[in-house]
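First the structure, in the form of structure tokens, and then the observations on it.
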Amino acid sequence: MKQAAFWKTIDSVTVECELCPHHCLISKGNSGLCRVRSNCDGKLVARTYGRLSSIAVDPIEKKPFYHFFPGRLILSLGSVGCNLRCFFCQNWQISQVSPDTLSLGEISPERVVKEAVRVASVGVAFTYNEPFICWEFVQDTALEVRKRNLKNVLVTNGYVEEKPLMQILPLIDAMNIDLKAMDEDFYRKQCKGSLEAVLNTITCTHRHGVHLELTNLLVTGLNDSETQVERLVDWIARLDPGIPLHLSRYFPHFRSTELPTPLDRIQNAYVIARRKLAYVYLGNCPDAESAHTRCPDCGKIVIERYGYQVRSVNISDNCCIHCEHPIPVIYQ
């Protein structure tokens, strides 16, 4: 265990975690809502520092990132725990458990970087469970990654306070943030969190110049209506219509029993999003066409994909080779 950052003492038996908007008040021997930040003898500790549930080499498109080093592999790792309680969680086996539930491997930041170099990875992706609750390990590892001129990537729910976010952003090259709905009531009831905090994370990340992509899981009957999709797309378009949006099809997991998102519903969401956003992709869908990146000006394919495999990149100097329209893709 490592002493955590972002907390304060309340009294002789209680500390307050200031990492995320929950601001959990944690008494001695107990953990916060995330299950991994605990009060040990009056000090907040990070119980999952250097402890992994998962490590793998994945196509970067699987994160998903479609505009950040397309076709490259990235070393991906995660631990356990999350600071949200989404009843439809798609990886609940690791995100909705405590460190005591699973047998976790141990690794140092230096060892992570050695492994990334060994497998010729473009960098390190902190993913699988919520990386911000492992803030200390992410920061220490990201510093080592930067020393080797590799890339740091976060796949996150974006539920973090602004101070820890801004402190780590200079080390982060790309972030995919899960924007679950443009609905405060949805976040409160279905996720036990707050929309406002996530929107602030997205805005700060974009303003800081970190490469940003967004994912929206369309949950049947909860956030997949035309009205819900339009509100989400409108907000993204006002921020930047060039931000890639990944619309992902939901399947029943964890405590959810709703049927999978109907294909016609997710296809309709794609049509709505494409009216205002330049780059929209579908996930968990048998739709090969939506995987390609097309030039928003001439409409021709500039990145051709089949599944997670990139077949061709028709971009030169960050422009479409057909019409020279700028394409916001980091590929070298």
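Chain identifiers are assigned as A, B, and so on, following the order in which chains appear in the structure tokens; residues are numbered from 1 within each chain, and ligands are numbered from 1 in order of appearance.
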* Could you give me the residues within segment 107-297 of chain A that DSSP places in strand (DSSP E), as a PyMOL selection string? => chain A and resi 123-126+151-156+174-178+211-218+245-249+280-283+293-294
* To do: Please identify all polymer residues within 7 Å of Leu179 of chain A, counting only C-alpha atoms, omitting same-chain residues fewer than 6 positions from it, and present them as a VMD selection string.
  => chain A and resid 214 to 216
* To do: Could you give me the residues within segment 44-265 of chain A that DSSP places in alpha helix (DSSP H), as an NGL selection string?
  => :A and (92-95 or 109-118 or 135-147 or 162-168 or 184-186 or 195-207 or 226-239 or 263-265)
Which residues are close to segment 304-315 of chain A, i.e. within 6 Å by only C-alpha atoms, leaving aside same-chain residues fewer than 2 positions away? Reply as a PDB file with N, CA, C and O atoms, in the first residue's frame.
ATOM      1  N   GLU A  61      -7.325   0.518 -31.157  1.00  0.00           N
ATOM      2  CA  GLU A  61      -8.734   0.704 -31.536  1.00  0.00           C
ATOM      3  C   GLU A  61      -9.682   0.068 -30.528  1.00  0.00           C
ATOM      4  O   GLU A  61     -10.849   0.443 -30.437  1.00  0.00           O
ATOM      5  N   GLY A  71      -3.913   1.541 -35.738  1.00  0.00           N
ATOM      6  CA  GLY A  71      -3.201   0.348 -36.153  1.00  0.00           C
ATOM      7  C   GLY A  71      -2.092  -0.093 -35.224  1.00  0.00           C
ATOM      8  O   GLY A  71      -1.513  -1.171 -35.427  1.00  0.00           O
ATOM      9  N   ALA A 291     -16.871   1.622 -39.059  1.00  0.00           N
ATOM     10  CA  ALA A 291     -15.523   1.548 -38.492  1.00  0.00           C
ATOM     11  C   ALA A 291     -14.532   2.411 -39.251  1.00  0.00           C
ATOM     12  O   ALA A 291     -13.492   2.789 -38.715  1.00  0.00           O
ATOM     13  N   HIS A 292     -14.840   2.742 -40.510  1.00  0.00           N
ATOM     14  CA  HIS A 292     -13.918   3.538 -41.316  1.00  0.00           C
ATOM     15  C   HIS A 292     -13.952   5.005 -40.884  1.00  0.00           C
ATOM     16  O   HIS A 292     -14.987   5.520 -40.451  1.00  0.00           O
ATOM     17  N   VAL A 302     -10.325   7.662 -45.268  1.00  0.00           N
ATOM     18  CA  VAL A 302      -8.943   8.043 -44.980  1.00  0.00           C
ATOM     19  C   VAL A 302      -8.275   7.040 -44.037  1.00  0.00           C
ATOM     20  O   VAL A 302      -7.043   6.948 -44.001  1.00  0.00           O
ATOM     21  N   ASN A 318      -1.358  15.172 -41.895  1.00  0.00           N
ATOM     22  CA  ASN A 318      -2.632  15.377 -41.207  1.00  0.00           C
ATOM     23  C   ASN A 318      -3.730  15.915 -42.117  1.00  0.00           C
ATOM     24  O   ASN A 318      -4.639  16.621 -41.669  1.00  0.00           O
ATOM     25  N   CYS A 319      -3.656  15.567 -43.389  1.00  0.00           N
ATOM     26  CA  CYS A 319      -4.692  15.966 -44.343  1.00  0.00           C
ATOM     27  C   CYS A 319      -5.106  14.773 -45.196  1.00  0.00           C
ATOM     28  O   CYS A 319      -4.324  13.856 -45.446  1.00  0.00           O
ATOM     29  N   CYS A 320      -6.338  14.796 -45.644  1.00  0.00           N
ATOM     30  CA  CYS A 320      -6.847  13.792 -46.572  1.00  0.00           C
ATOM     31  C   CYS A 320      -6.022  13.840 -47.860  1.00  0.00           C
ATOM     32  O   CYS A 320      -5.818  14.924 -48.431  1.00  0.00           O
ATOM     33  N   ILE A 321      -5.561  12.674 -48.330  1.00  0.00           N
ATOM     34  CA  ILE A 321      -4.742  12.675 -49.546  1.00  0.00           C
ATOM     35  C   ILE A 321      -5.570  12.956 -50.791  1.00  0.00           C
ATOM     36  O   ILE A 321      -5.032  13.265 -51.856  1.00  0.00           O
TER      37      ILE A 321
END
* Find the spatial neighbours of segment 224-239 of chain A, counting only C-alpha atoms, within a cut-off of 8 Å - ignore same-chain residues fewer than 2 positions away - and output them as a PyMOL selection string. => chain A and resi 181-183+203+218-222+241-243+265-266+268-269+272-273+276-277
* **segment 155-162 of chain A surroundings by only C-alpha atoms, 7 Å radius, close-in-sequence under 4 positions cut, as a list of chain:residue names** =>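 Once the adjacent positions are removed, what remains is A:Leu19, A:Cys20, A:Pro21, A:Lys63, A:Phe126, A:Thr127, A:Glu130, A:Pro131, A:Phe132, A:Met166, A:Met175, A:Asn176, A:Ile177, A:Asp178, A:Ala197, A:Val198, A:Thr201.
With distances restricted to only C-alpha atoms, A:Ala125 is the closest residue to Val145 of chain A from A:Ala125, A:Leu84, A:Leu195, A:Val45.
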* **One-decimal distance in Å that lies between atom CA of Gln90 of chain A and atom CA of Asn284 of chain A** =>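 If I compute the distance from atom CA of Asn284 of chain A to atom CA of Gln90 of chain A, I get 11.9 Å.
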* To do: State, in Å with one decimal place, the distance from atom CA of Trp135 of chain A to atom CA of Phe68 of chain A.
  => 22.7 Å
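The smallest atom-to-atom distance between Gly209 of chain A and any of A:Gly105, A:Pro64, A:Pro244, A:Pro170, using only C-alpha atoms, is found for A:Pro170.
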* Kindly give the distance, in Å, that separates atom CA of Ser54 of chain A and atom CA of Ser76 of chain A, rounded to a single decimal. => 7.9 Å
* To do: Point out the residue among A:Thr141, A:Lys151, A:Phe87, A:Ser121 with the least atom-to-atom distance to Tyr187 of chain A, counting only C-alpha atoms.
  =>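 For Tyr187 of chain A, the nearest of the candidates is A:Phe87.
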* Could you tell me which of A:Arg118, A:His253, A:Arg146, A:His67 comes closest to Tyr281 of chain A if we count only C-alpha atoms? =>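 Among the listed residues, A:His67 lies closest to Tyr281 of chain A.
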* For Ser316 of chain A, work out the shell of residues within 10 Å, counting only C-alpha atoms and skipping chain neighbours fewer than 5 positions away, then give it as a PyMOL selection string. => chain A and resi 302+321-322+324+326-327+331
Take the residues that were just selected and, keeping N, CA and C atoms, output them as a PDB file, in the first residue's frame.
ATOM      1  N   VAL A 302     -10.325   7.662 -45.268  1.00  0.00           N
ATOM      2  CA  VAL A 302      -8.943   8.043 -44.980  1.00  0.00           C
ATOM      3  C   VAL A 302      -8.275   7.040 -44.037  1.00  0.00           C
ATOM      4  N   ILE A 321      -5.561  12.674 -48.330  1.00  0.00           N
ATOM      5  CA  ILE A 321      -4.742  12.675 -49.546  1.00  0.00           C
ATOM      6  C   ILE A 321      -5.570  12.956 -50.791  1.00  0.00           C
ATOM      7  N   HIS A 322      -6.897  12.859 -50.674  1.00  0.00           N
ATOM      8  CA  HIS A 322      -7.764  13.060 -51.833  1.00  0.00           C
ATOM      9  C   HIS A 322      -8.099  14.535 -52.050  1.00  0.00           C
ATOM     10  N   GLU A 324      -7.084  17.129 -49.409  1.00  0.00           N
ATOM     11  CA  GLU A 324      -6.239  17.941 -48.537  1.00  0.00           C
ATOM     12  C   GLU A 324      -7.007  18.590 -47.393  1.00  0.00           C
ATOM     13  N   PRO A 326      -8.054  18.953 -43.617  1.00  0.00           N
ATOM     14  CA  PRO A 326      -7.397  18.539 -42.366  1.00  0.00           C
ATOM     15  C   PRO A 326      -8.150  17.399 -41.678  1.00  0.00           C
ATOM     16  N   ILE A 327      -7.402  16.409 -41.200  1.00  0.00           N
ATOM     17  CA  ILE A 327      -7.969  15.273 -40.476  1.00  0.00           C
ATOM     18  C   ILE A 327      -7.268  15.210 -39.107  1.00  0.00           C
ATOM     19  N   TYR A 331      -0.858  10.043 -35.853  1.00  0.00           N
ATOM     20  CA  TYR A 331      -0.494   8.737 -36.387  1.00  0.00           C
ATOM     21  C   TYR A 331       1.009   8.518 -36.464  1.00  0.00           C
TER      22      TYR A 331
END
* To do: Using only C-alpha atoms, pick whichever of A:Gly193, A:Gln3, A:Gly81, A:Asp140 has the shortest atom-to-atom distance to His23 of chain A.
  =>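 Going through A:Gly193, A:Gln3, A:Gly81, A:Asp140 one by one, the smallest distance to His23 of chain A is for A:Gly193.
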